[in-house]
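Below is my_file-v8.txt, which holds compact mmCIF, C-alpha atoms and all ligand atoms.
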# COMPACT_ATOMS: atom_id res chain seq x y z
CA MET E 1 166.05 73.96 39.98
CA ILE E 2 169.54 72.79 39.18
CA SER E 3 172.71 74.82 39.37
CA SER E 4 176.26 73.91 38.49
CA GLN E 5 178.69 73.73 41.40
CA THR E 6 182.19 72.51 41.99
CA THR E 7 182.95 69.74 44.48
CA PRO E 8 185.87 70.08 46.92
CA SER E 9 187.88 67.88 44.57
CA GLY E 10 187.29 70.39 41.76
CA SER E 11 184.99 68.30 39.53
CA PRO E 12 181.71 69.92 38.45
CA ARG E 13 178.44 68.43 39.69
CA HIS E 14 174.76 69.27 39.71
CA LEU E 15 173.13 70.41 42.89
CA ASP E 16 169.39 70.48 43.50
CA ALA E 17 168.33 73.69 45.23
CA PRO E 18 166.12 73.11 48.27
CA VAL E 19 162.51 74.11 47.59
CA PRO E 20 159.69 75.03 49.97
CA ILE E 21 158.01 71.80 51.01
CA GLY E 22 154.66 72.93 49.64
CA GLU E 23 156.16 73.20 46.15
CA VAL E 24 157.48 69.65 46.02
CA ALA E 25 155.67 67.74 43.29
CA THR E 26 153.69 64.73 44.48
CA SER E 27 152.43 61.69 42.70
CA ALA E 28 151.22 59.69 45.69
CA SER E 29 147.63 60.56 44.88
CA ASP E 30 147.90 58.98 41.40
CA ARG E 31 147.83 55.46 42.74
CA ARG E 32 147.34 52.77 40.17
CA ARG E 33 144.83 50.21 41.33
CA THR E 34 146.12 46.67 40.91
CA GLY E 35 142.57 45.49 40.29
CA ILE E 36 142.93 42.89 43.04
CA GLY E 37 140.68 44.31 45.74
CA GLU E 38 142.43 42.69 48.69
CA LEU E 39 145.87 43.81 47.47
CA ASP E 40 144.62 47.35 46.86
CA ARG E 41 143.19 47.39 50.38
CA VAL E 42 146.60 46.48 51.84
CA LEU E 43 148.39 49.01 49.60
CA GLY E 44 146.02 51.78 50.68
CA GLY E 45 144.45 52.09 47.22
CA GLY E 46 147.08 50.90 44.76
CA LEU E 47 150.65 51.29 43.55
CA VAL E 48 152.23 54.72 43.91
CA PRO E 49 154.26 55.87 40.85
CA GLY E 50 157.99 55.37 41.41
CA SER E 51 157.42 53.07 44.39
CA VAL E 52 158.96 49.66 44.82
CA THR E 53 156.79 47.00 46.43
CA LEU E 54 158.22 43.72 47.59
CA LEU E 55 155.87 40.77 47.71
CA GLY E 56 157.44 38.31 50.13
CA GLY E 57 156.34 34.85 51.13
CA GLU E 58 157.31 31.26 51.63
CA PRO E 59 157.78 28.95 48.66
CA GLY E 60 154.56 27.85 46.98
CA MET E 61 152.32 30.37 48.78
CA GLY E 62 151.11 31.84 45.50
CA LYS E 63 153.29 34.93 45.02
CA SER E 64 153.66 34.40 41.27
CA THR E 65 149.92 33.77 40.99
CA LEU E 66 148.99 36.97 42.80
CA LEU E 67 151.52 38.96 40.77
CA LEU E 68 150.23 37.58 37.48
CA GLN E 69 146.60 38.22 38.42
CA ALA E 70 147.44 41.82 39.38
CA LEU E 71 149.39 42.42 36.16
CA GLY E 72 146.58 40.85 34.13
CA ALA E 73 144.02 43.11 35.79
CA MET E 74 146.15 46.22 35.26
CA ALA E 75 146.77 45.25 31.63
CA ALA E 76 143.03 44.72 31.14
CA ALA E 77 142.53 48.25 32.48
CA GLY E 78 144.86 49.61 29.79
CA ALA E 79 148.29 49.60 31.48
CA ARG E 80 151.37 48.31 29.71
CA CYS E 81 152.81 45.75 32.12
CA LEU E 82 156.21 44.11 31.79
CA LEU E 83 156.80 40.89 33.69
CA VAL E 84 160.39 39.70 33.91
CA GLY E 85 160.27 36.01 34.74
CA ALA E 86 163.62 35.11 36.23
CA GLU E 87 162.59 31.72 37.60
CA GLU E 88 160.13 30.13 35.24
CA SER E 89 159.98 29.57 31.50
CA PRO E 90 157.56 31.72 29.48
CA GLU E 91 155.52 28.55 28.79
CA GLN E 92 155.04 27.94 32.50
CA VAL E 93 153.94 31.53 33.03
CA ARG E 94 151.60 31.37 30.06
CA LEU E 95 149.93 28.25 31.42
CA ARG E 96 149.40 29.96 34.74
CA ALA E 97 148.03 33.02 32.95
CA GLU E 98 145.54 30.80 31.10
CA ARG E 99 144.46 29.26 34.39
CA VAL E 100 143.95 32.57 36.19
CA GLY E 101 142.56 34.46 33.18
CA ALA E 102 145.45 36.86 32.66
CA LEU E 103 146.02 36.45 28.90
CA GLU E 104 146.01 40.17 28.15
CA ALA E 105 147.64 41.83 25.15
CA GLY E 106 149.05 44.57 27.36
CA LEU E 107 150.89 42.06 29.56
CA LEU E 108 154.39 41.59 28.16
CA LEU E 109 156.55 38.72 29.30
CA VAL E 110 160.28 38.14 29.05
CA ALA E 111 162.41 35.49 30.69
CA ASP E 112 165.69 36.97 31.86
CA THR E 113 167.96 36.91 34.88
CA SER E 114 170.52 39.59 34.07
CA LEU E 115 169.98 43.00 35.62
CA PRO E 116 171.46 45.00 32.70
CA ASP E 117 169.05 43.11 30.41
CA VAL E 118 166.12 43.96 32.67
CA LEU E 119 167.02 47.65 32.46
CA ALA E 120 167.31 47.36 28.66
CA HIS E 121 163.91 45.65 28.43
CA VAL E 122 162.39 48.54 30.36
CA ASP E 123 164.01 51.00 27.93
CA ASN E 124 162.64 49.10 24.96
CA ALA E 125 159.18 48.25 26.22
CA GLN E 126 158.49 51.51 28.12
CA PRO E 127 156.08 49.81 30.53
CA ASP E 128 153.68 51.53 32.95
CA VAL E 129 154.33 48.79 35.52
CA LEU E 130 157.38 46.55 35.95
CA ALA E 131 157.35 43.26 37.82
CA VAL E 132 160.29 40.96 38.55
CA ASP E 133 159.73 37.38 39.73
CA SER E 134 161.90 36.95 41.71
CA ILE E 135 164.53 39.44 42.85
CA GLN E 136 166.66 36.60 44.22
CA ALA E 137 167.05 35.14 40.74
CA VAL E 138 168.30 38.37 39.16
CA THR E 139 172.06 38.99 39.03
CA ASP E 140 174.38 41.68 37.81
CA PRO E 141 177.42 40.05 36.16
CA ALA E 142 179.48 43.15 37.03
CA LEU E 143 178.97 42.57 40.76
CA PRO E 144 180.76 40.03 42.93
CA GLY E 145 178.85 37.24 44.64
CA ALA E 146 176.86 34.24 43.53
CA PRO E 147 173.25 34.62 42.29
CA GLY E 148 170.97 35.03 45.28
CA SER E 149 173.76 36.21 47.58
CA ILE E 150 173.05 39.16 49.85
CA THR E 151 175.26 41.55 47.87
CA GLN E 152 173.72 40.59 44.56
CA VAL E 153 170.13 40.78 45.78
CA ARG E 154 170.57 44.06 47.61
CA ASP E 155 172.50 45.79 44.84
CA CYS E 156 170.14 44.62 42.11
CA ALA E 157 167.21 45.88 44.19
CA HIS E 158 169.00 49.23 44.65
CA ARG E 159 169.35 49.57 40.90
CA LEU E 160 165.67 48.81 40.39
CA VAL E 161 164.74 51.36 43.07
CA SER E 162 166.76 54.02 41.21
CA LEU E 163 165.05 53.02 37.96
CA ALA E 164 161.62 53.27 39.60
CA LYS E 165 162.32 56.72 41.03
CA ALA E 166 163.88 58.03 37.80
CA ARG E 167 160.93 56.91 35.65
CA ALA E 168 158.12 57.27 38.21
CA LEU E 169 157.54 53.59 37.41
CA PRO E 170 155.76 51.39 39.93
CA VAL E 171 157.84 48.24 40.44
CA LEU E 172 156.74 44.96 42.00
CA LEU E 173 159.36 42.50 43.19
CA VAL E 174 158.76 38.97 44.37
CA GLY E 175 161.00 37.77 47.21
CA HIS E 176 161.24 34.40 48.91
CA VAL E 177 161.34 34.02 52.65
CA THR E 178 161.86 30.94 54.71
CA LYS E 179 160.06 30.36 58.01
CA GLU E 180 162.98 31.95 59.83
CA GLY E 181 162.98 34.93 57.47
CA THR E 182 166.64 34.23 56.79
CA LEU E 183 168.46 33.83 53.45
CA ALA E 184 169.12 36.77 51.19
CA GLY E 185 165.42 37.39 51.16
CA PRO E 186 163.09 40.20 52.02
CA ARG E 187 164.82 40.88 55.35
CA THR E 188 167.85 42.34 53.55
CA LEU E 189 165.56 44.20 51.17
CA GLU E 190 163.20 45.76 53.68
CA HIS E 191 165.29 48.93 53.99
CA VAL E 192 165.71 49.29 50.25
CA VAL E 193 162.10 49.14 49.10
CA ASP E 194 159.12 51.39 49.91
CA THR E 195 156.61 48.72 50.75
CA VAL E 196 156.86 45.13 51.94
CA VAL E 197 153.74 43.02 51.57
CA SER E 198 153.90 39.63 53.20
CA PHE E 199 151.86 36.87 51.68
CA ASP E 200 151.37 33.96 53.99
CA GLY E 201 149.01 31.29 55.11
CA ASP E 202 148.89 27.74 56.20
CA ARG E 203 150.02 25.21 53.62
CA HIS E 204 147.18 22.92 54.63
CA HIS E 205 144.56 25.59 54.20
CA THR E 206 143.66 27.48 51.08
CA LEU E 207 143.42 30.76 52.95
CA ARG E 208 146.11 33.39 52.30
CA PHE E 209 146.76 36.55 54.32
CA LEU E 210 148.19 39.75 52.91
CA HIS E 211 149.80 42.23 55.31
CA ALA E 212 151.94 45.30 54.75
CA LEU E 213 154.97 44.88 57.03
CA LYS E 214 156.24 48.27 55.95
CA HIS E 215 154.49 50.89 53.88
CA ARG E 216 155.80 54.35 53.10
CA PHE E 217 152.50 55.40 51.54
CA GLY E 218 149.88 54.21 53.96
CA SER E 219 148.84 52.20 56.95
CA THR E 220 150.31 48.83 57.82
CA GLN E 221 147.11 47.89 59.61
CA GLU E 222 145.10 46.49 56.73
CA LEU E 223 144.62 42.79 56.24
CA GLY E 224 143.87 41.22 52.88
CA LEU E 225 142.29 37.77 52.78
CA MET E 226 142.29 35.52 49.74
CA GLU E 227 141.56 31.92 48.94
CA MET E 228 143.69 29.84 46.58
CA GLY E 229 141.63 27.87 44.13
CA GLU E 230 141.70 26.23 40.71
CA THR E 231 141.54 29.57 38.91
CA GLY E 232 143.90 31.45 41.17
CA LEU E 233 143.35 33.66 44.19
CA VAL E 234 139.92 34.97 45.03
CA GLY E 235 139.26 37.70 47.60
CA VAL E 236 137.33 36.77 50.72
CA PRO E 237 135.00 39.68 51.45
CA ASP E 238 133.14 38.05 54.33
CA ALA E 239 135.98 36.66 56.38
CA SER E 240 134.03 36.12 59.61
CA ALA E 241 131.46 33.94 57.87
CA LEU E 242 134.29 31.87 56.42
CA PHE E 243 135.99 31.38 59.78
CA LEU E 244 132.74 30.36 61.41
CA ALA E 245 131.55 28.12 58.57
CA ASP E 246 132.72 24.81 60.05
CA ARG E 247 131.62 25.56 63.58
CA ARG E 248 129.49 23.01 65.42
CA SER E 249 127.42 24.62 68.11
CA GLY E 250 126.71 22.73 71.29
CA THR E 251 130.27 21.44 71.53
CA SER E 252 132.32 22.16 74.61
CA GLY E 253 135.68 23.89 74.28
CA SER E 254 134.59 26.39 71.67
CA ALA E 255 134.28 30.17 72.07
CA ILE E 256 133.96 33.03 69.62
CA ALA E 257 136.43 35.91 69.78
CA ALA E 258 135.79 39.29 68.19
CA VAL E 259 139.25 40.36 67.08
CA LEU E 260 140.53 43.16 64.94
CA ASP E 261 143.02 42.45 62.22
CA GLY E 262 144.03 45.80 60.89
CA ALA E 263 140.92 47.84 60.43
CA ARG E 264 138.82 44.77 59.78
CA PRO E 265 136.77 43.18 62.56
CA LEU E 266 136.89 39.39 62.46
CA LEU E 267 134.97 36.78 64.35
CA VAL E 268 137.10 33.73 64.98
CA GLU E 269 136.35 30.45 66.72
CA VAL E 270 138.84 29.54 69.44
CA GLN E 271 138.89 25.86 70.35
CA ALA E 272 140.37 24.11 73.37
CA LEU E 273 140.78 20.56 74.53
CA VAL E 274 141.73 19.60 78.08
CA ALA E 275 142.85 16.05 78.80
CA PRO E 276 144.58 14.35 81.76
CA SER E 277 148.37 14.29 81.36
CA GLY E 278 149.78 10.82 81.09
CA GLY E 279 152.18 11.21 84.00
CA GLY E 280 154.90 13.31 82.36
CA PRO E 281 155.05 17.10 82.28
CA PRO E 282 151.73 18.56 81.08
CA ARG E 283 151.60 19.50 77.41
CA ARG E 284 150.45 22.93 76.35
CA SER E 285 149.96 23.45 72.66
CA ALA E 286 148.84 26.66 70.94
CA THR E 287 148.03 26.70 67.23
CA GLY E 288 147.42 30.12 65.72
CA LEU E 289 147.58 31.58 69.24
CA ASP E 290 150.46 33.01 71.24
CA SER E 291 151.78 30.20 73.46
CA ALA E 292 153.10 32.56 76.15
CA ARG E 293 149.68 34.22 76.29
CA LEU E 294 148.00 30.81 76.61
CA ALA E 295 150.30 29.87 79.51
CA LEU E 296 149.43 33.13 81.25
CA LEU E 297 145.69 32.60 80.77
CA LEU E 298 145.91 29.06 82.15
CA ALA E 299 147.64 30.40 85.26
CA VAL E 300 145.00 33.11 85.70
CA LEU E 301 142.19 30.56 85.20
CA GLU E 302 143.69 28.38 87.89
CA GLN E 303 144.68 31.05 90.42
CA ARG E 304 141.91 33.61 89.98
CA ALA E 305 138.93 31.70 88.68
CA GLY E 306 139.32 28.35 90.41
CA VAL E 307 139.63 26.21 87.29
CA PRO E 308 142.11 23.45 88.21
CA LEU E 309 144.38 22.70 85.26
CA THR E 310 147.41 21.19 86.97
CA GLY E 311 148.03 17.70 85.68
CA THR E 312 146.16 18.31 82.44
CA ASP E 313 147.27 18.69 78.85
CA VAL E 314 145.78 21.77 77.19
CA TYR E 315 145.50 22.21 73.44
CA ALA E 316 144.15 25.49 72.09
CA SER E 317 143.81 26.70 68.55
CA ALA E 318 142.28 29.38 66.37
CA ALA E 319 140.14 27.59 63.79
CA GLY E 320 140.55 28.13 60.06
CA GLY E 321 144.31 28.68 59.95
CA VAL E 322 144.01 32.28 61.15
CA ARG E 323 146.55 33.71 63.60
CA VAL E 324 145.11 35.49 66.63
CA THR E 325 147.67 37.27 68.79
CA GLU E 326 145.87 40.30 70.19
CA PRO E 327 144.95 40.43 73.90
CA GLY E 328 141.32 41.18 72.95
CA ALA E 329 140.94 37.42 72.36
CA ASP E 330 142.05 36.54 75.93
CA LEU E 331 138.57 36.12 77.31
CA ALA E 332 137.47 33.85 74.46
CA ILE E 333 140.55 31.65 74.92
CA ALA E 334 139.98 31.43 78.68
CA LEU E 335 136.29 30.62 78.19
CA ALA E 336 137.11 27.94 75.61
CA VAL E 337 139.56 26.28 78.03
CA ALA E 338 137.08 26.48 80.94
CA SER E 339 134.32 25.06 78.73
CA ALA E 340 136.59 22.18 77.68
CA HIS E 341 137.58 21.51 81.28
CA LEU E 342 133.97 21.47 82.47
CA ASP E 343 132.79 19.73 79.29
CA ARG E 344 129.98 22.24 79.09
CA PRO E 345 129.32 24.14 75.89
CA LEU E 346 129.03 27.92 75.91
CA PRO E 347 125.86 29.54 74.58
CA ALA E 348 126.11 29.33 70.79
CA THR E 349 125.22 32.94 70.15
CA THR E 350 127.55 34.56 72.69
CA VAL E 351 130.72 36.31 71.62
CA ALA E 352 133.56 37.12 74.07
CA LEU E 353 135.63 40.26 74.07
CA GLY E 354 138.26 41.42 76.53
CA GLU E 355 141.81 41.29 77.72
CA VAL E 356 142.44 39.29 80.91
CA GLY E 357 144.80 40.86 83.47
CA LEU E 358 147.00 38.96 85.91
CA GLY E 359 144.55 39.78 88.69
CA GLY E 360 141.80 38.01 86.77
CA GLU E 361 140.20 41.35 85.88
CA LEU E 362 138.74 42.01 82.45
CA ARG E 363 140.15 44.96 80.56
CA GLN E 364 138.80 46.98 77.70
CA VAL E 365 139.94 46.50 74.11
CA PRO E 366 140.22 49.16 71.41
CA GLN E 367 137.41 49.71 68.88
CA ALA E 368 134.97 47.45 70.71
CA SER E 369 131.90 48.84 68.97
CA ARG E 370 133.20 47.92 65.50
CA ARG E 371 133.88 44.37 66.62
CA LEU E 372 130.48 44.07 68.23
CA ALA E 373 128.72 45.48 65.18
CA GLU E 374 130.30 42.61 63.20
CA ALA E 375 129.05 40.13 65.82
CA ALA E 376 125.53 41.53 65.59
CA ARG E 377 125.68 41.37 61.78
CA LEU E 378 126.46 37.66 61.96
CA GLY E 379 123.53 36.91 64.24
CA PHE E 380 125.17 36.81 67.67
CA THR E 381 122.82 37.93 70.41
CA HIS E 382 125.01 38.24 73.54
CA VAL E 383 128.42 39.63 74.33
CA VAL E 384 130.39 39.00 77.49
CA GLY E 385 133.23 41.35 78.41
CA PRO E 386 134.51 44.12 80.69
CA PRO E 387 132.24 46.79 82.21
CA THR E 388 133.42 49.31 79.63
CA LEU E 389 131.70 47.43 76.78
CA PRO E 390 129.66 49.75 74.58
CA GLU E 391 125.99 49.09 73.87
CA VAL E 392 125.45 47.84 70.34
CA PRO E 393 121.97 47.44 68.82
CA GLY E 394 120.95 43.80 68.63
CA LEU E 395 123.36 42.59 71.32
CA VAL E 396 122.65 41.94 74.99
CA THR E 397 125.70 43.06 76.94
CA GLN E 398 126.91 40.93 79.86
CA ALA E 399 129.38 43.34 81.42
CA VAL E 400 131.40 41.72 84.22
CA PRO E 401 134.52 42.86 86.09
CA THR E 402 136.42 39.58 86.32
CA LEU E 403 137.07 36.31 84.53
CA ALA E 404 135.39 34.41 87.38
CA ASP E 405 132.25 36.55 86.88
CA ALA E 406 132.38 35.92 83.14
CA LEU E 407 132.45 32.15 83.73
CA ARG E 408 129.45 32.37 86.04
CA ALA E 409 127.56 34.57 83.56
CA VAL E 410 128.08 32.39 80.48
CA PHE E 411 127.44 29.07 82.14
CA ARG E 412 124.32 30.37 83.85
CA GLU E 413 123.28 31.63 80.42
CA ALA E 414 124.09 28.27 78.86
CA ASP E 415 121.87 26.53 81.40
CA ALA E 416 118.90 28.79 80.73
CA PRO E 417 116.43 26.69 78.65
CA ALA E 418 115.17 29.75 76.78
CA ARG E 419 118.53 30.11 75.08
CA ALA E 420 119.19 26.51 74.17
CA ALA E 421 120.68 26.91 70.71
N1 LIG C 1 145.95 23.78 38.95
C1 LIG C 1 145.94 24.29 40.16
N2 LIG C 1 144.82 24.32 40.87
C2 LIG C 1 144.78 24.84 42.11
N3 LIG C 1 145.84 25.38 42.72
C3 LIG C 1 146.99 25.40 42.06
C4 LIG C 1 147.12 24.85 40.76
N4 LIG C 1 148.39 25.04 40.38
C5 LIG C 1 149.02 25.64 41.40
N5 LIG C 1 148.19 25.85 42.40
C6 LIG C 1 148.47 26.49 43.69
O1 LIG C 1 149.40 27.50 43.48
C7 LIG C 1 150.49 27.37 44.37
C8 LIG C 1 151.74 27.82 43.71
O2 LIG C 1 151.53 29.15 43.32
P1 LIG C 1 152.71 30.07 42.86
O3 LIG C 1 153.56 29.37 41.87
O4 LIG C 1 152.11 31.36 42.51
O5 LIG C 1 153.52 30.21 44.24
P2 LIG C 1 154.86 30.96 44.50
O6 LIG C 1 154.72 31.56 45.87
O7 LIG C 1 155.20 31.85 43.39
O8 LIG C 1 155.87 29.75 44.57
P3 LIG C 1 157.45 29.74 44.36
O9 LIG C 1 158.01 30.13 45.66
O10 LIG C 1 157.73 28.31 44.03
O11 LIG C 1 157.77 30.66 43.25
C9 LIG C 1 150.54 25.91 44.70
O12 LIG C 1 151.10 25.72 45.97
C10 LIG C 1 149.08 25.54 44.67
O13 LIG C 1 148.51 25.82 45.94
MG MG C 2 156.80 31.84 42.05
Hey, can you dump this file as structure tokens for me?
Amino acid sequence: MISSQTTPSGSPRHLDAPVPIGEVATSASDRRRTGIGELDRVLGGGLVPGSVTLLGGEPGMGKSTLLLQALGAMAAAGARCLLVGAEESPEQVRLRAERVGALEAGLLLVADTSLPDVLAHVDNAQPDVLAVDSIQAVTDPALPGAPGSITQVRDCAHRLVSLAKARALPVLLVGHVTKEGTLAGPRTLEHVVDTVVSFDGDRHHTLRFLHALKHRFGSTQELGLMEMGETGLVGVPDASALFLADRRSGTSGSAIAAVLDGARPLLVEVQALVAPSGGGPPRRSATGLDSARLALLLAVLEQRAGVPLTGTDVYASAAGGVRVTEPGADLAIALAVASAHLDRPLPATTVALGEVGLGGELRQVPQASRRLAEAARLGFTHVVGPPTLPEVPGLVTQAVPTLADALRAVFREADAPARAA
């Protein structure tokens, strides 16, 4: 409902009348699936009409690849998709499209960097989905500031947000971030857009992680996992199996953590190496783990469980390029370090679950039964953790109150000939 009013300065303007909340039209249920399962999982089902989604990541992570694959899949499903390539030539994009199988008639491509032109292309092409790669490369000649400057990036994004809302058009923007998250990148845009999906991974691994850092239409808990290959990004449905693929059982300094990334339970191998320090201050290195948490666990191991680590270098890492930061992995990290120190392997089919407190006590972790169900699915037979551990079919529970008890339980288990793996 719109009525004509007069502003205090006397000029006429339109005023929307407030409506009962139940009568507000919604379109959030008409999500458009991107056709990329892992991206849809992170988006809570797909793109909401009129929403603006920023796909942020470091250079070379595969943002353009993911975008092109999603547009190709949506075009194949009948959507008219317009991709504005502001960084690459149409030939480059075409070659990528050939490689990832996105040569679809409904995928329209234009190379342009001027914001007024982008708006005109949308008017002409009337797309169902708009994508801009990247927002940093788009400029409005009417605005001050160099291309890529904070003012330019933010104001251009604002204009695209207005366009999205006015046309109920889902818009995807690519944004670059550096390691520090600085530059006129996604950090300045986070407030402007509806959803920020971060796309990251380790340059030396092919694994890529998708996370919603902000999502106005769903949870930010979901994790998407993809692998970069010759023909683009492929979803990884069985992540635990992938993380455990290179594991060598019978090696000391290795423990399996049952962590939760978003709603998805993951089994991850934590590795540790303990070596005598060469005189200087001891080195402590954490890869894929929180270094402050590692320092705390080393102190607890030493003070509460009698594992002497003074004068030793300790290296700990989460295998496979995954990042494990939740306290539920504490016990696995501590067991891996103790196993490395003693040079005694842990039982190969035992998984560890639990937070370690400063008193050396084991604490419960949320959603333990889902994590343990994943462990049982992958063939683990024993779980060690706090007394609150739930019983899960197929798993023998070794419930112990403290870290010292957990060490005794697993190494006694490891010595039992019946369970030699
Ligand atoms: N022929 C190929 N085979 C396998 N992987 C490839 C091939 N070509 C490119 N890649 C992978 O794709 C990555 C680049 O992907 P993409 O261009 O989508 O990244 P981006 O995040 O958009 O990068 P930029 O920040 O430069 O725009 C490369 O780092 C490489 O891992
Ligand atoms: Mg790119």
Quick one: residues within 9 Å of ligand LIG 1 (chain C), with all atoms listed in the file, as a PDB file with C-alpha atoms, keeping the file's coordinate frame?
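Below is the file that was written, result_25.pdb:
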ATOM      1  CA  GLY E  56     157.440  38.310  50.130  1.00  0.00           C
ATOM      2  CA  GLY E  57     156.340  34.850  51.130  1.00  0.00           C
ATOM      3  CA  GLU E  58     157.310  31.260  51.630  1.00  0.00           C
ATOM      4  CA  PRO E  59     157.780  28.950  48.660  1.00  0.00           C
ATOM      5  CA  GLY E  60     154.560  27.850  46.980  1.00  0.00           C
ATOM      6  CA  MET E  61     152.320  30.370  48.780  1.00  0.00           C
ATOM      7  CA  GLY E  62     151.110  31.840  45.500  1.00  0.00           C
ATOM      8  CA  LYS E  63     153.290  34.930  45.020  1.00  0.00           C
ATOM      9  CA  SER E  64     153.660  34.400  41.270  1.00  0.00           C
ATOM     10  CA  THR E  65     149.920  33.770  40.990  1.00  0.00           C
ATOM     11  CA  LEU E  66     148.990  36.970  42.800  1.00  0.00           C
ATOM     12  CA  LEU E  67     151.520  38.960  40.770  1.00  0.00           C
ATOM     13  CA  LEU E  68     150.230  37.580  37.480  1.00  0.00           C
ATOM     14  CA  GLU E  87     162.590  31.720  37.600  1.00  0.00           C
ATOM     15  CA  GLU E  88     160.130  30.130  35.240  1.00  0.00           C
ATOM     16  CA  ARG E  96     149.400  29.960  34.740  1.00  0.00           C
ATOM     17  CA  ARG E  99     144.460  29.260  34.390  1.00  0.00           C
ATOM     18  CA  ASP E 133     159.730  37.380  39.730  1.00  0.00           C
ATOM     19  CA  SER E 134     161.900  36.950  41.710  1.00  0.00           C
ATOM     20  CA  VAL E 174     158.760  38.970  44.370  1.00  0.00           C
ATOM     21  CA  GLY E 175     161.000  37.770  47.210  1.00  0.00           C
ATOM     22  CA  HIS E 176     161.240  34.400  48.910  1.00  0.00           C
ATOM     23  CA  VAL E 177     161.340  34.020  52.650  1.00  0.00           C
ATOM     24  CA  PHE E 199     151.860  36.870  51.680  1.00  0.00           C
ATOM     25  CA  ARG E 203     150.020  25.210  53.620  1.00  0.00           C
ATOM     26  CA  THR E 206     143.660  27.480  51.080  1.00  0.00           C
ATOM     27  CA  MET E 228     143.690  29.840  46.580  1.00  0.00           C
ATOM     28  CA  GLY E 229     141.630  27.870  44.130  1.00  0.00           C
ATOM     29  CA  GLU E 230     141.700  26.230  40.710  1.00  0.00           C
ATOM     30  CA  THR E 231     141.540  29.570  38.910  1.00  0.00           C
ATOM     31  CA  GLY E 232     143.900  31.450  41.170  1.00  0.00           C
ATOM     32  CA  LEU E 233     143.350  33.660  44.190  1.00  0.00           C
TER      33      LEU E 233
END
Test item: which residues lie within 7 Å of (147.9, 37.2, 57.2) counting all atoms listed in the file, as a ChimeraX atom specification: /E:199-201,208-211,223
Considering all atoms listed in the file, tabulate each residue of region 261-296 of chain E that lies at most 6 Å from region 312-327 of chain E along with its nearest interatomic pair and the corresponding distance in Å to one decimal; arrange the rows by chain and ascending residue number and present them as CSV.
residue,atom,partner,partner_atom,distance
E:Glu269,CA,E:Ala319,CA,5.6
E:Val270,CA,E:Ala318,CA,4.6
E:Gln271,CA,E:Ser317,CA,5.3
E:Ala272,CA,E:Ala316,CA,4.2
E:Leu273,CA,E:Tyr315,CA,5.1
E:Val274,CA,E:Val314,CA,4.7
E:Ala275,CA,E:Asp313,CA,5.1
E:Pro276,CA,E:Thr312,CA,4.3
E:Ser277,CA,E:Thr312,CA,4.7
E:Pro282,CA,E:Asp313,CA,5.0
E:Arg283,CA,E:Asp313,CA,4.6
E:Arg284,CA,E:Val314,CA,4.9
E:Ser285,CA,E:Tyr315,CA,4.7
E:Ala286,CA,E:Ala316,CA,5.0
E:Thr287,CA,E:Ser317,CA,4.4
E:Gly288,CA,E:Arg323,CA,4.3
E:Leu289,CA,E:Val324,CA,5.3
E:Asp290,CA,E:Thr325,CA,5.7
Near-Ala338 (chain E) list (12 Å; all atoms listed in the file; drop same-chain fewer than 6 positions) as a PyMOL selection string: chain E and resi 252-255+271-274+297-298+300-302+305-309+314+316+331-332+344-346+403-404+406-408+410-411
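Nearest to Phe243 (chain E) of all the residues E:Val24, E:Leu207, E:Ala105, E:Phe217 is E:Leu207, based on only C-alpha atoms.
Among the candidates E:Val132, E:Leu244, E:Leu172, E:Leu71, the residue lying nearest to Gly101 (chain E) is E:Leu71 (atoms considered: all atoms listed in the file).
Among the candidate residues E:Ser89, E:Leu82, E:Leu15, E:Ala76, the one lying nearest to ligand MG 2 (chain C) is E:Ser89, with distances computed using all atoms listed in the file.
When CA of Gly360 (chain E) is paired with CA of Thr388 (chain E), their separation reads 15.8 Å.
Reported to one decimal place, the separation of CA of Ala131 (chain E) from CA of Gly45 (chain E) is 18.2 Å.
Between CA of Gly72 (chain E) and CA of Leu103 (chain E) lies a distance of 6.9 Å.
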Nearest to ligand MG 2 (chain C) by atom-to-atom distance, counting all atoms listed in the file, from E:Thr220, E:Thr34, E:Gln136, E:Thr26: E:Gln136
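Here the residues that fall within 10 Å of (168.8, 46.3, 40.5), using all atoms listed in the file, are given as E:Ser114, E:Leu115, E:Pro116, E:Val118, E:Leu119, E:Ile135, E:Val138, E:Thr139, E:Asp140, E:Gln152, E:Val153, E:Arg154, E:Asp155, E:Cys156, E:Ala157, E:His158, E:Arg159, E:Leu160, E:Val161, E:Ser162, E:Leu163.
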Region 77-81 of chain E, all listed atoms, 6 Å padding on each side: what axis-aligned box centre and edge lengths in Å to one decimal come out, as AutoDock Vina command-line options?
--center_x 147.7 --center_y 47.7 --center_z 31.1 --size_x 22.3 --size_y 15.9 --size_z 14.8
Nearest-residue call for ligand MG 2 (chain C), choices E:Ala137, E:Val383, E:Pro347, E:Ala375, using only C-alpha atoms and all ligand atoms: E:Ala137
Selected residue, from E:Leu47, E:Val19, E:Leu266, E:Val193, that lies nearest to Leu169 (chain E) when counting only C-alpha atoms: E:Leu47
Val400 (chain E) surroundings by all atoms listed in the file, 7 Å radius, close-in-sequence under 6 positions cut, as a PyMOL selection string: chain E and resi 385-387+406
Shell around region 349-356 of chain E at 6 Å using all atoms listed in the file, local window under 6 positions removed, as a PyMOL selection string: chain E and resi 256-258+327-328+330-332+362-365+380-385
